[in-house]
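Enquirer: My file is structure.pdb. It has PDB, C-alpha atoms:
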```
ATOM      1  CA  MET A   1      49.273  67.523 -92.205  1.00  0.00           C
ATOM      2  CA  ARG A   2      49.406  68.358 -88.507  1.00  0.00           C
ATOM      3  CA  ILE A   3      50.536  65.765 -85.940  1.00  0.00           C
ATOM      4  CA  LEU A   4      50.301  66.258 -82.189  1.00  0.00           C
ATOM      5  CA  VAL A   5      53.191  64.676 -80.294  1.00  0.00           C
ATOM      6  CA  VAL A   6      52.215  64.507 -76.629  1.00  0.00           C
ATOM      7  CA  ASN A   7      54.814  64.063 -73.920  1.00  0.00           C
ATOM      8  CA  VAL A   8      53.532  61.923 -71.032  1.00  0.00           C
ATOM      9  CA  ASN A   9      55.411  63.869 -68.355  1.00  0.00           C
ATOM     10  CA  THR A  10      55.427  67.540 -67.426  1.00  0.00           C
ATOM     11  CA  THR A  11      59.099  68.344 -68.086  1.00  0.00           C
ATOM     12  CA  PRO A  12      59.175  70.959 -70.890  1.00  0.00           C
ATOM     13  CA  SER A  13      62.771  70.212 -71.930  1.00  0.00           C
ATOM     14  CA  ILE A  14      61.813  66.595 -72.658  1.00  0.00           C
ATOM     15  CA  THR A  15      58.840  67.824 -74.679  1.00  0.00           C
ATOM     16  CA  ASP A  16      61.206  70.058 -76.662  1.00  0.00           C
ATOM     17  CA  ALA A  17      63.608  67.165 -77.347  1.00  0.00           C
ATOM     18  CA  ILE A  18      60.763  64.897 -78.446  1.00  0.00           C
ATOM     19  CA  GLY A  19      59.378  67.617 -80.702  1.00  0.00           C
ATOM     20  CA  GLN A  20      62.758  68.256 -82.322  1.00  0.00           C
ATOM     21  CA  GLN A  21      63.281  64.548 -82.936  1.00  0.00           C
ATOM     22  CA  ALA A  22      59.832  64.224 -84.483  1.00  0.00           C
ATOM     23  CA  ALA A  23      60.264  67.303 -86.674  1.00  0.00           C
ATOM     24  CA  GLY A  24      63.613  65.993 -87.909  1.00  0.00           C
ATOM     25  CA  VAL A  25      61.993  63.041 -89.683  1.00  0.00           C
ATOM     26  CA  ALA A  26      58.662  64.595 -90.631  1.00  0.00           C
ATOM     27  CA  SER A  27      57.955  64.951 -94.320  1.00  0.00           C
ATOM     28  CA  PRO A  28      57.764  68.362 -95.980  1.00  0.00           C
ATOM     29  CA  GLY A  29      54.323  69.771 -95.266  1.00  0.00           C
ATOM     30  CA  THR A  30      53.942  67.922 -91.954  1.00  0.00           C
ATOM     31  CA  GLU A  31      53.640  70.219 -88.947  1.00  0.00           C
ATOM     32  CA  ILE A  32      54.716  68.764 -85.599  1.00  0.00           C
ATOM     33  CA  ILE A  33      53.055  70.216 -82.497  1.00  0.00           C
ATOM     34  CA  ALA A  34      54.735  69.046 -79.282  1.00  0.00           C
ATOM     35  CA  LEU A  35      52.515  69.261 -76.205  1.00  0.00           C
ATOM     36  CA  THR A  36      53.226  69.069 -72.475  1.00  0.00           C
ATOM     37  CA  PRO A  37      50.380  67.947 -70.171  1.00  0.00           C
ATOM     38  CA  ALA A  38      49.047  70.582 -67.787  1.00  0.00           C
ATOM     39  CA  PHE A  39      49.277  68.186 -64.838  1.00  0.00           C
ATOM     40  CA  GLY A  40      51.104  65.026 -63.879  1.00  0.00           C
ATOM     41  CA  ALA A  41      54.542  63.870 -62.791  1.00  0.00           C
ATOM     42  CA  GLU A  42      57.846  65.353 -63.965  1.00  0.00           C
ATOM     43  CA  SER A  43      58.792  61.837 -65.126  1.00  0.00           C
ATOM     44  CA  VAL A  44      56.775  58.642 -65.509  1.00  0.00           C
ATOM     45  CA  GLU A  45      58.422  55.607 -63.942  1.00  0.00           C
ATOM     46  CA  GLY A  46      55.676  53.540 -62.330  1.00  0.00           C
ATOM     47  CA  ASN A  47      52.042  52.496 -62.442  1.00  0.00           C
ATOM     48  CA  TYR A  48      50.551  55.429 -60.519  1.00  0.00           C
ATOM     49  CA  GLU A  49      52.395  57.984 -62.627  1.00  0.00           C
ATOM     50  CA  SER A  50      51.477  56.075 -65.770  1.00  0.00           C
ATOM     51  CA  TYR A  51      47.738  56.080 -65.059  1.00  0.00           C
ATOM     52  CA  LEU A  52      47.909  59.753 -64.108  1.00  0.00           C
ATOM     53  CA  ALA A  53      49.721  60.425 -67.379  1.00  0.00           C
ATOM     54  CA  ALA A  54      46.982  58.618 -69.315  1.00  0.00           C
ATOM     55  CA  VAL A  55      44.364  61.047 -68.020  1.00  0.00           C
ATOM     56  CA  ALA A  56      46.659  64.040 -68.533  1.00  0.00           C
ATOM     57  CA  VAL A  57      47.446  63.087 -72.134  1.00  0.00           C
ATOM     58  CA  MET A  58      43.784  62.565 -72.996  1.00  0.00           C
ATOM     59  CA  GLU A  59      42.782  65.895 -71.473  1.00  0.00           C
ATOM     60  CA  THR A  60      45.672  67.680 -73.191  1.00  0.00           C
ATOM     61  CA  VAL A  61      44.576  66.393 -76.572  1.00  0.00           C
ATOM     62  CA  ARG A  62      40.912  67.146 -75.884  1.00  0.00           C
ATOM     63  CA  ALA A  63      41.815  70.734 -75.002  1.00  0.00           C
ATOM     64  CA  TYR A  64      43.876  71.380 -78.150  1.00  0.00           C
ATOM     65  CA  PRO A  65      41.891  74.041 -80.041  1.00  0.00           C
ATOM     66  CA  GLU A  66      42.988  73.519 -83.650  1.00  0.00           C
ATOM     67  CA  PRO A  67      42.339  70.682 -86.152  1.00  0.00           C
ATOM     68  CA  PHE A  68      44.912  67.883 -86.336  1.00  0.00           C
ATOM     69  CA  ASP A  69      45.423  64.752 -88.405  1.00  0.00           C
ATOM     70  CA  ALA A  70      47.087  62.295 -86.002  1.00  0.00           C
ATOM     71  CA  VAL A  71      48.332  61.941 -82.432  1.00  0.00           C
ATOM     72  CA  ILE A  72      51.541  60.366 -81.161  1.00  0.00           C
ATOM     73  CA  GLN A  73      51.650  59.302 -77.543  1.00  0.00           C
ATOM     74  CA  ALA A  74      55.311  59.797 -76.669  1.00  0.00           C
ATOM     75  CA  GLY A  75      55.752  57.576 -73.612  1.00  0.00           C
ATOM     76  CA  TYR A  76      56.969  54.022 -73.221  1.00  0.00           C
ATOM     77  CA  GLY A  77      54.547  51.675 -71.477  1.00  0.00           C
ATOM     78  CA  GLU A  78      50.879  52.186 -70.640  1.00  0.00           C
ATOM     79  CA  HIS A  79      49.690  55.768 -70.976  1.00  0.00           C
ATOM     80  CA  GLY A  80      46.116  55.563 -72.261  1.00  0.00           C
ATOM     81  CA  ARG A  81      46.474  54.991 -75.981  1.00  0.00           C
ATOM     82  CA  GLU A  82      43.207  53.046 -76.015  1.00  0.00           C
ATOM     83  CA  GLY A  83      41.326  55.950 -74.450  1.00  0.00           C
ATOM     84  CA  LEU A  84      42.612  58.313 -77.117  1.00  0.00           C
ATOM     85  CA  GLN A  85      41.491  55.873 -79.790  1.00  0.00           C
ATOM     86  CA  GLU A  86      37.981  55.951 -78.353  1.00  0.00           C
ATOM     87  CA  LEU A  87      37.930  59.746 -78.224  1.00  0.00           C
ATOM     88  CA  LEU A  88      39.424  60.539 -81.631  1.00  0.00           C
ATOM     89  CA  ASP A  89      38.609  59.945 -85.263  1.00  0.00           C
ATOM     90  CA  VAL A  90      42.240  60.352 -86.344  1.00  0.00           C
ATOM     91  CA  PRO A  91      45.103  57.814 -86.077  1.00  0.00           C
ATOM     92  CA  VAL A  92      46.709  57.399 -82.654  1.00  0.00           C
ATOM     93  CA  VAL A  93      50.213  55.913 -82.526  1.00  0.00           C
ATOM     94  CA  ASP A  94      52.018  54.852 -79.339  1.00  0.00           C
ATOM     95  CA  ILE A  95      55.828  54.961 -79.434  1.00  0.00           C
ATOM     96  CA  THR A  96      56.169  51.607 -77.645  1.00  0.00           C
ATOM     97  CA  GLU A  97      54.243  49.824 -80.358  1.00  0.00           C
ATOM     98  CA  ALA A  98      55.735  51.934 -83.159  1.00  0.00           C
ATOM     99  CA  ALA A  99      59.293  51.012 -82.188  1.00  0.00           C
ATOM    100  CA  ALA A 100      58.600  47.304 -81.700  1.00  0.00           C
ATOM    101  CA  SER A 101      56.601  46.902 -84.908  1.00  0.00           C
ATOM    102  CA  THR A 102      59.293  48.730 -86.887  1.00  0.00           C
ATOM    103  CA  ALA A 103      62.019  46.562 -85.330  1.00  0.00           C
ATOM    104  CA  GLN A 104      60.319  43.437 -86.640  1.00  0.00           C
ATOM    105  CA  PHE A 105      61.027  44.565 -90.205  1.00  0.00           C
ATOM    106  CA  LEU A 106      64.741  44.784 -89.422  1.00  0.00           C
ATOM    107  CA  GLY A 107      65.702  41.562 -87.661  1.00  0.00           C
ATOM    108  CA  ARG A 108      64.454  38.298 -86.201  1.00  0.00           C
ATOM    109  CA  GLY A 109      64.451  39.519 -82.597  1.00  0.00           C
ATOM    110  CA  TYR A 110      64.628  42.869 -80.874  1.00  0.00           C
ATOM    111  CA  SER A 111      65.440  44.107 -77.386  1.00  0.00           C
ATOM    112  CA  VAL A 112      64.254  47.219 -75.589  1.00  0.00           C
ATOM    113  CA  VAL A 113      66.653  49.266 -73.469  1.00  0.00           C
ATOM    114  CA  THR A 114      64.764  51.426 -71.000  1.00  0.00           C
ATOM    115  CA  SER A 115      65.386  53.487 -67.875  1.00  0.00           C
ATOM    116  CA  LEU A 116      64.776  51.959 -64.427  1.00  0.00           C
ATOM    117  CA  ASP A 117      64.237  48.275 -63.709  1.00  0.00           C
ATOM    118  CA  ARG A 118      60.799  48.973 -62.267  1.00  0.00           C
ATOM    119  CA  THR A 119      59.587  50.004 -65.728  1.00  0.00           C
ATOM    120  CA  VAL A 120      60.571  46.678 -67.310  1.00  0.00           C
ATOM    121  CA  PRO A 121      57.352  44.821 -66.332  1.00  0.00           C
ATOM    122  CA  LEU A 122      55.218  47.700 -67.619  1.00  0.00           C
ATOM    123  CA  ILE A 123      56.891  47.550 -71.015  1.00  0.00           C
ATOM    124  CA  GLU A 124      56.728  43.758 -71.132  1.00  0.00           C
ATOM    125  CA  GLU A 125      53.004  43.879 -70.385  1.00  0.00           C
ATOM    126  CA  ARG A 126      52.453  46.556 -73.027  1.00  0.00           C
ATOM    127  CA  LEU A 127      54.256  44.540 -75.689  1.00  0.00           C
ATOM    128  CA  HIS A 128      52.295  41.415 -74.746  1.00  0.00           C
ATOM    129  CA  ALA A 129      48.959  43.267 -74.878  1.00  0.00           C
ATOM    130  CA  ALA A 130      49.878  44.674 -78.292  1.00  0.00           C
ATOM    131  CA  GLY A 131      50.797  41.233 -79.664  1.00  0.00           C
ATOM    132  CA  LEU A 132      54.434  42.272 -80.125  1.00  0.00           C
ATOM    133  CA  SER A 133      56.182  40.169 -77.483  1.00  0.00           C
ATOM    134  CA  ALA A 134      56.849  36.981 -79.474  1.00  0.00           C
ATOM    135  CA  ARG A 135      59.980  38.401 -81.092  1.00  0.00           C
ATOM    136  CA  CYS A 136      61.140  40.441 -78.101  1.00  0.00           C
ATOM    137  CA  ALA A 137      64.449  38.982 -76.943  1.00  0.00           C
ATOM    138  CA  SER A 138      64.583  41.058 -73.750  1.00  0.00           C
ATOM    139  CA  VAL A 139      63.718  44.287 -72.018  1.00  0.00           C
ATOM    140  CA  ARG A 140      66.786  45.660 -70.251  1.00  0.00           C
ATOM    141  CA  ALA A 141      67.116  48.521 -67.770  1.00  0.00           C
ATOM    142  CA  SER A 142      69.959  51.024 -68.010  1.00  0.00           C
ATOM    143  CA  GLY A 143      69.509  51.912 -64.340  1.00  0.00           C
ATOM    144  CA  LEU A 144      69.025  55.589 -65.163  1.00  0.00           C
ATOM    145  CA  ALA A 145      66.021  57.599 -64.067  1.00  0.00           C
ATOM    146  CA  VAL A 146      64.293  59.483 -66.878  1.00  0.00           C
ATOM    147  CA  LEU A 147      65.585  62.860 -65.685  1.00  0.00           C
ATOM    148  CA  ASP A 148      69.141  61.466 -65.489  1.00  0.00           C
ATOM    149  CA  LEU A 149      69.120  61.323 -69.289  1.00  0.00           C
ATOM    150  CA  GLU A 150      69.283  65.121 -69.348  1.00  0.00           C
ATOM    151  CA  ARG A 151      71.616  65.653 -66.411  1.00  0.00           C
ATOM    152  CA  ASP A 152      74.563  63.657 -67.765  1.00  0.00           C
ATOM    153  CA  GLU A 153      74.199  62.735 -71.412  1.00  0.00           C
ATOM    154  CA  SER A 154      77.620  61.072 -71.645  1.00  0.00           C
ATOM    155  CA  ALA A 155      76.883  58.735 -68.717  1.00  0.00           C
ATOM    156  CA  ALA A 156      73.435  58.050 -70.166  1.00  0.00           C
ATOM    157  CA  ILE A 157      74.861  57.024 -73.527  1.00  0.00           C
ATOM    158  CA  ASP A 158      77.384  54.733 -71.826  1.00  0.00           C
ATOM    159  CA  ALA A 159      74.722  53.024 -69.708  1.00  0.00           C
ATOM    160  CA  ILE A 160      72.273  52.592 -72.585  1.00  0.00           C
ATOM    161  CA  ALA A 161      74.944  51.422 -75.013  1.00  0.00           C
ATOM    162  CA  GLU A 162      76.265  48.899 -72.472  1.00  0.00           C
ATOM    163  CA  GLN A 163      72.851  47.307 -72.050  1.00  0.00           C
ATOM    164  CA  ALA A 164      72.237  47.402 -75.789  1.00  0.00           C
ATOM    165  CA  ALA A 165      75.537  45.602 -76.423  1.00  0.00           C
ATOM    166  CA  ARG A 166      74.686  42.981 -73.784  1.00  0.00           C
ATOM    167  CA  ALA A 167      71.287  42.471 -75.403  1.00  0.00           C
ATOM    168  CA  VAL A 168      72.994  41.761 -78.724  1.00  0.00           C
ATOM    169  CA  GLU A 169      75.669  39.513 -77.237  1.00  0.00           C
ATOM    170  CA  GLU A 170      73.754  37.703 -74.489  1.00  0.00           C
ATOM    171  CA  ASP A 171      70.100  37.824 -75.605  1.00  0.00           C
ATOM    172  CA  ARG A 172      70.812  37.430 -79.339  1.00  0.00           C
ATOM    173  CA  ALA A 173      68.899  40.584 -80.211  1.00  0.00           C
ATOM    174  CA  GLU A 174      69.394  41.822 -83.754  1.00  0.00           C
ATOM    175  CA  VAL A 175      67.687  45.200 -83.314  1.00  0.00           C
ATOM    176  CA  ILE A 176      67.563  47.617 -80.363  1.00  0.00           C
ATOM    177  CA  CYS A 177      64.585  49.793 -79.424  1.00  0.00           C
ATOM    178  CA  LEU A 178      65.212  52.848 -77.263  1.00  0.00           C
ATOM    179  CA  GLY A 179      62.654  52.380 -74.501  1.00  0.00           C
ATOM    180  CA  CYS A 180      62.012  55.932 -73.320  1.00  0.00           C
ATOM    181  CA  GLY A 181      60.779  59.082 -75.046  1.00  0.00           C
ATOM    182  CA  GLY A 182      63.601  60.948 -73.307  1.00  0.00           C
ATOM    183  CA  MET A 183      66.150  58.869 -75.237  1.00  0.00           C
ATOM    184  CA  SER A 184      65.245  60.620 -78.487  1.00  0.00           C
ATOM    185  CA  GLY A 185      68.407  61.723 -80.239  1.00  0.00           C
ATOM    186  CA  LEU A 186      70.669  58.920 -78.984  1.00  0.00           C
ATOM    187  CA  THR A 187      70.121  56.565 -81.922  1.00  0.00           C
ATOM    188  CA  GLU A 188      73.299  57.153 -83.903  1.00  0.00           C
ATOM    189  CA  ARG A 189      75.552  56.884 -80.879  1.00  0.00           C
ATOM    190  CA  VAL A 190      74.045  53.570 -79.819  1.00  0.00           C
ATOM    191  CA  VAL A 191      74.402  52.288 -83.401  1.00  0.00           C
ATOM    192  CA  ASP A 192      78.074  53.207 -83.265  1.00  0.00           C
ATOM    193  CA  ARG A 193      78.529  51.162 -80.087  1.00  0.00           C
ATOM    194  CA  THR A 194      76.517  48.086 -81.123  1.00  0.00           C
ATOM    195  CA  GLY A 195      76.619  47.778 -84.898  1.00  0.00           C
ATOM    196  CA  VAL A 196      72.907  46.889 -85.124  1.00  0.00           C
ATOM    197  CA  PRO A 197      69.856  48.896 -86.194  1.00  0.00           C
ATOM    198  CA  VAL A 198      68.499  51.103 -83.395  1.00  0.00           C
ATOM    199  CA  VAL A 199      64.874  52.250 -83.484  1.00  0.00           C
ATOM    200  CA  ASP A 200      63.715  55.425 -81.777  1.00  0.00           C
ATOM    201  CA  GLY A 201      60.003  55.202 -81.015  1.00  0.00           C
ATOM    202  CA  VAL A 202      59.287  58.874 -81.677  1.00  0.00           C
ATOM    203  CA  THR A 203      60.698  58.883 -85.197  1.00  0.00           C
ATOM    204  CA  ALA A 204      59.114  55.520 -85.976  1.00  0.00           C
ATOM    205  CA  ALA A 205      55.760  56.826 -84.768  1.00  0.00           C
ATOM    206  CA  VAL A 206      55.965  59.910 -86.987  1.00  0.00           C
ATOM    207  CA  THR A 207      56.494  57.879 -90.146  1.00  0.00           C
ATOM    208  CA  ILE A 208      53.718  55.447 -89.198  1.00  0.00           C
ATOM    209  CA  ALA A 209      51.300  58.279 -88.406  1.00  0.00           C
ATOM    210  CA  GLU A 210      52.084  60.024 -91.684  1.00  0.00           C
ATOM    211  CA  SER A 211      51.534  56.776 -93.589  1.00  0.00           C
ATOM    212  CA  LEU A 212      48.169  56.137 -91.946  1.00  0.00           C
ATOM    213  CA  VAL A 213      47.000  59.663 -92.745  1.00  0.00           C
ATOM    214  CA  ARG A 214      48.099  59.379 -96.375  1.00  0.00           C
ATOM    215  CA  LEU A 215      46.373  56.013 -96.701  1.00  0.00           C
ATOM    216  CA  GLY A 216      43.190  57.498 -95.304  1.00  0.00           C
ATOM    217  CA  LEU A 217      43.159  54.989 -92.439  1.00  0.00           C
ATOM    218  CA  SER A 218      42.214  55.428 -88.800  1.00  0.00           C
ATOM    219  CA  THR A 219      41.002  53.439 -85.800  1.00  0.00           C
ATOM    220  CA  SER A 220      38.101  51.053 -86.298  1.00  0.00           C
ATOM    221  CA  LYS A 221      35.019  52.208 -84.386  1.00  0.00           C
ATOM    222  CA  VAL A 222      33.051  48.963 -84.735  1.00  0.00           C
ATOM    223  CA  ARG A 223      33.655  47.532 -81.257  1.00  0.00           C
ATOM    224  CA  THR A 224      36.728  47.934 -79.079  1.00  0.00           C
ATOM    225  CA  TYR A 225      37.393  51.616 -79.741  1.00  0.00           C
ATOM    226  CA  ALA A 226      33.839  52.840 -80.252  1.00  0.00           C
ATOM    227  CA  PRO A 227      33.305  56.351 -78.883  1.00  0.00           C
ATOM    228  CA  PRO A 228      32.516  56.586 -75.163  1.00  0.00           C
ATOM    229  CA  ARG A 229      28.794  56.287 -74.467  1.00  0.00           C
ATOM    230  CA  PRO A 230      27.160  59.589 -73.463  1.00  0.00           C
ATOM    231  CA  LYS A 231      26.750  59.682 -69.706  1.00  0.00           C
ATOM    232  CA  LYS A 232      27.117  61.945 -66.716  1.00  0.00           C
ATOM    233  CA  ILE A 233      30.675  62.186 -65.392  1.00  0.00           C
ATOM    234  CA  VAL A 234      30.734  63.442 -61.819  1.00  0.00           C
ATOM    235  CA  ASN A 235      33.181  66.151 -60.674  1.00  0.00           C
ATOM    236  CA  TRP A 236      35.346  66.099 -63.789  1.00  0.00           C
ATOM    237  CA  PRO A 237      37.346  68.062 -64.474  1.00  0.00           C
ATOM    238  CA  PRO A 238      38.076  68.666 -60.798  1.00  0.00           C
ATOM    239  CA  PRO A 239      37.616  72.211 -59.498  1.00  0.00           C
ATOM    240  CA  ALA A 240      40.679  74.424 -59.729  1.00  0.00           C
TER     241      ALA A 240
END
```
Would you put the structure from the file into structure tokens?
Expert:
Amino acid sequence: MRILVVNVNTTPSITDAIGQQAAGVASPGTEIIALTPAFGAESVEGNYESYLAAVAVMETVRAYPEPFDAVIQAGYGEHGREGLQELLDVPVVDITEAAASTAQFLGRGYSVVTSLDRTVPLIEERLHAAGLSARCASVRASGLAVLDLERDESAAIDAIAEQAARAVEEDRAEVICLGCGGMSGLTERVVDRTGVPVVDGVTAAVTIAESLVRLGLSTSKVRTYAPPRPKKIVNWPPPA
């Protein structure tokens, strides 16, 4: 089985971290291919960057030359998962939805701890659109930019763990979701600080994608995610 794990930003070190996290939980025989988009922002922290990332992720997957069995969209928020589902005949799993759906097996309510406050509404809207908001106790911002997670890991862990602990104590969350692909690898340390289950969206997405492939299931093509209708698309891709 081959699974493409597509970073939504153009920072190779984040792609590497996401790929390592995914490979660490993949079953024997599952090959993880981590991809970085050819264009886009170095981090995705707002609507413009998110919509740009959606196009970049779709084009990155379309350009991949080898067969694959599933795709994981490794960005929190809105990055074009629906477009991939129209384009592909294999399962497409978004880490936002993978983390939240997994959390609902582990406790009555969950909270998401993400990066900047400006990303909170994007995640809230994504969870609502996916039908996963009813049991979301809160979405909290650590105050860290995505690239800060790499620059000072110790400070990042402190900030994320603090918000996770407040979510448990103040919002009555029973499970924490790490709300950024760049937070991959921090799970155990946040568990140590909070004492509750902590779900990493990348690892959750890998196990869900593997399960869908083994069950022989993929996206329904009856209505919402039917393939795009053939038509002329003007000036795309843009000239180099």
Enquirer: For the provided coordinates, the residues matched by the PyMOL selection byres ((chain A and resi 118-127) around 12) should be stated as an MDAnalysis selection string.
Expert: chainID A and resid 43:51 75:82 94:101 110:117 128:146 177:180
Enquirer: Quick one: residues within 12 Å of segment 221-224 of chain A, only C-alpha atoms, excluding same-chain residues fewer than 4 positions away - as a list in words?
Expert: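 Using only C-alpha atoms, the neighbours found are Glu82, Gly83, Gln85, Glu86, Leu87, Leu88, Asp89, Val90, Pro91, Leu217 and Pro228 of chain A.
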Enquirer: Can you work out which one of A:Ala156, A:Ala53, A:Ala70, A:Leu147 has the shortest atom-to-atom distance to Thr207 of chain A, counting all atoms listed in the file?
Expert: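 Smallest distance to Thr207 of chain A is found for A:Ala70.
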Enquirer: Compile the contact shell of segment 33-38 of chain A as a list in words: residues with an atom at most 8 Å away, counting only C-alpha atoms, same-chain residues fewer than 3 positions apart removed.
Expert: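 Residues near the query, excluding close chain neighbours: Arg2, Ile3, Leu4, Val5, Val6, Asn7, Val8, Asn9, Thr10, Thr11, Pro12, Thr15, Asp16, Ile18, Gly19, Ala56, Val57, Glu59 and Thr60 of chain A.
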Enquirer: From the set A:Pro65, A:Gly40, A:Gly201, A:Pro238, which residue has the shortest atom-to-atom contact distance to Met183 of chain A, counting all atoms listed in the file?
Expert: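 Selected residue with least distance to Met183 of chain A: A:Gly201.
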Enquirer: Any idea what the distance is between atom CA of Pro197 of chain A and atom CA of Glu174 of chain A?
Expert: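 Atom CA of Glu174 of chain A lies at a distance of 7.5 Å from atom CA of Pro197 of chain A.
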Enquirer: Segment 108-125 of chain A, all listed atoms, 4 Å padding on each side: what axis-aligned box centre and edge lengths in Å to one decimal come out, as AutoDock Vina command-line options?
Expert:
```
--center_x 59.8 --center_y 45.9 --center_z -74.2 --size_x 21.6 --size_y 23.2 --size_z 31.9
```
Enquirer: Between atom CA of Asp171 of chain A and atom CA of Gln73 of chain A, what distance in Å does the model show, to one decimal?
Expert: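 We find that atom CA of Asp171 of chain A and atom CA of Gln73 of chain A lie 28.4 Å from each other.
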Enquirer: When the PyMOL selection byres ((chain A and resi 191) around 12) is applied to the structure above, which residues does it catch, written out as a list in words?
Expert: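 This file gives the following for the PyMOL selection byres ((chain A and resi 191) around 12): Ile157, Ile160, Ala161, Glu162, Ala164, Ala165, Val168, Glu174, Val175, Ile176, Cys177, Leu178, Gly185, Leu186, Thr187, Glu188, Arg189, Val190, Asp192, Arg193, Thr194, Gly195, Val196, Pro197, Val198, Val199 and Asp200 of chain A.
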Enquirer: So the first atom is atom CA of Val92 of chain A and the second is atom CA of Pro237 of chain A; what is the distance between them in Å, to one decimal place?
Expert: 23.1 Å
Enquirer: Here is a test: counting only C-alpha atoms, which residue of A:Ser220, A:Leu84, A:Ala74, A:Val206 is nearest to Val55 of chain A?
Expert: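 Closest to Val55 of chain A of all the choices is A:Leu84.
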Enquirer: Give me the result of the PyMOL selection byres ((chain A and resi 24) around 12) on this file, residue by residue, as a PDB file with C-alpha atoms, in the frame of the given file.
Expert:
```pdb
ATOM      1  CA  ALA A  17      63.608  67.165 -77.347  1.00  0.00           C
ATOM      2  CA  ILE A  18      60.763  64.897 -78.446  1.00  0.00           C
ATOM      3  CA  GLY A  19      59.378  67.617 -80.702  1.00  0.00           C
ATOM      4  CA  GLN A  20      62.758  68.256 -82.322  1.00  0.00           C
ATOM      5  CA  GLN A  21      63.281  64.548 -82.936  1.00  0.00           C
ATOM      6  CA  ALA A  22      59.832  64.224 -84.483  1.00  0.00           C
ATOM      7  CA  ALA A  23      60.264  67.303 -86.674  1.00  0.00           C
ATOM      8  CA  VAL A  25      61.993  63.041 -89.683  1.00  0.00           C
ATOM      9  CA  ALA A  26      58.662  64.595 -90.631  1.00  0.00           C
ATOM     10  CA  SER A  27      57.955  64.951 -94.320  1.00  0.00           C
ATOM     11  CA  PRO A  28      57.764  68.362 -95.980  1.00  0.00           C
ATOM     12  CA  THR A  30      53.942  67.922 -91.954  1.00  0.00           C
ATOM     13  CA  GLU A  31      53.640  70.219 -88.947  1.00  0.00           C
ATOM     14  CA  ILE A  32      54.716  68.764 -85.599  1.00  0.00           C
ATOM     15  CA  SER A 184      65.245  60.620 -78.487  1.00  0.00           C
ATOM     16  CA  GLY A 185      68.407  61.723 -80.239  1.00  0.00           C
ATOM     17  CA  VAL A 202      59.287  58.874 -81.677  1.00  0.00           C
ATOM     18  CA  THR A 203      60.698  58.883 -85.197  1.00  0.00           C
ATOM     19  CA  ALA A 204      59.114  55.520 -85.976  1.00  0.00           C
ATOM     20  CA  VAL A 206      55.965  59.910 -86.987  1.00  0.00           C
ATOM     21  CA  THR A 207      56.494  57.879 -90.146  1.00  0.00           C
TER      22      THR A 207
END
```
Enquirer: Name the closest residue to Arg108 of chain A among the candidates A:Ala167, A:Val61, A:Val213, A:Ala173; distances are taken between atoms, counting all atoms listed in the file.
Expert: A:Ala173
Enquirer: Which of these residues is nearest to Gly109 of chain A, using all atoms listed in the file: A:Gly216, A:Asp152, A:Arg166, A:Arg172?
Expert: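 The answer is A:Arg172, which sits nearest to Gly109 of chain A.
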Enquirer: Ranking A:Met58, A:Ala155, A:Val93, A:Leu149 by minimum distance to Gly182 of chain A and counting only C-alpha atoms, which one comes first?
Expert: A:Leu149
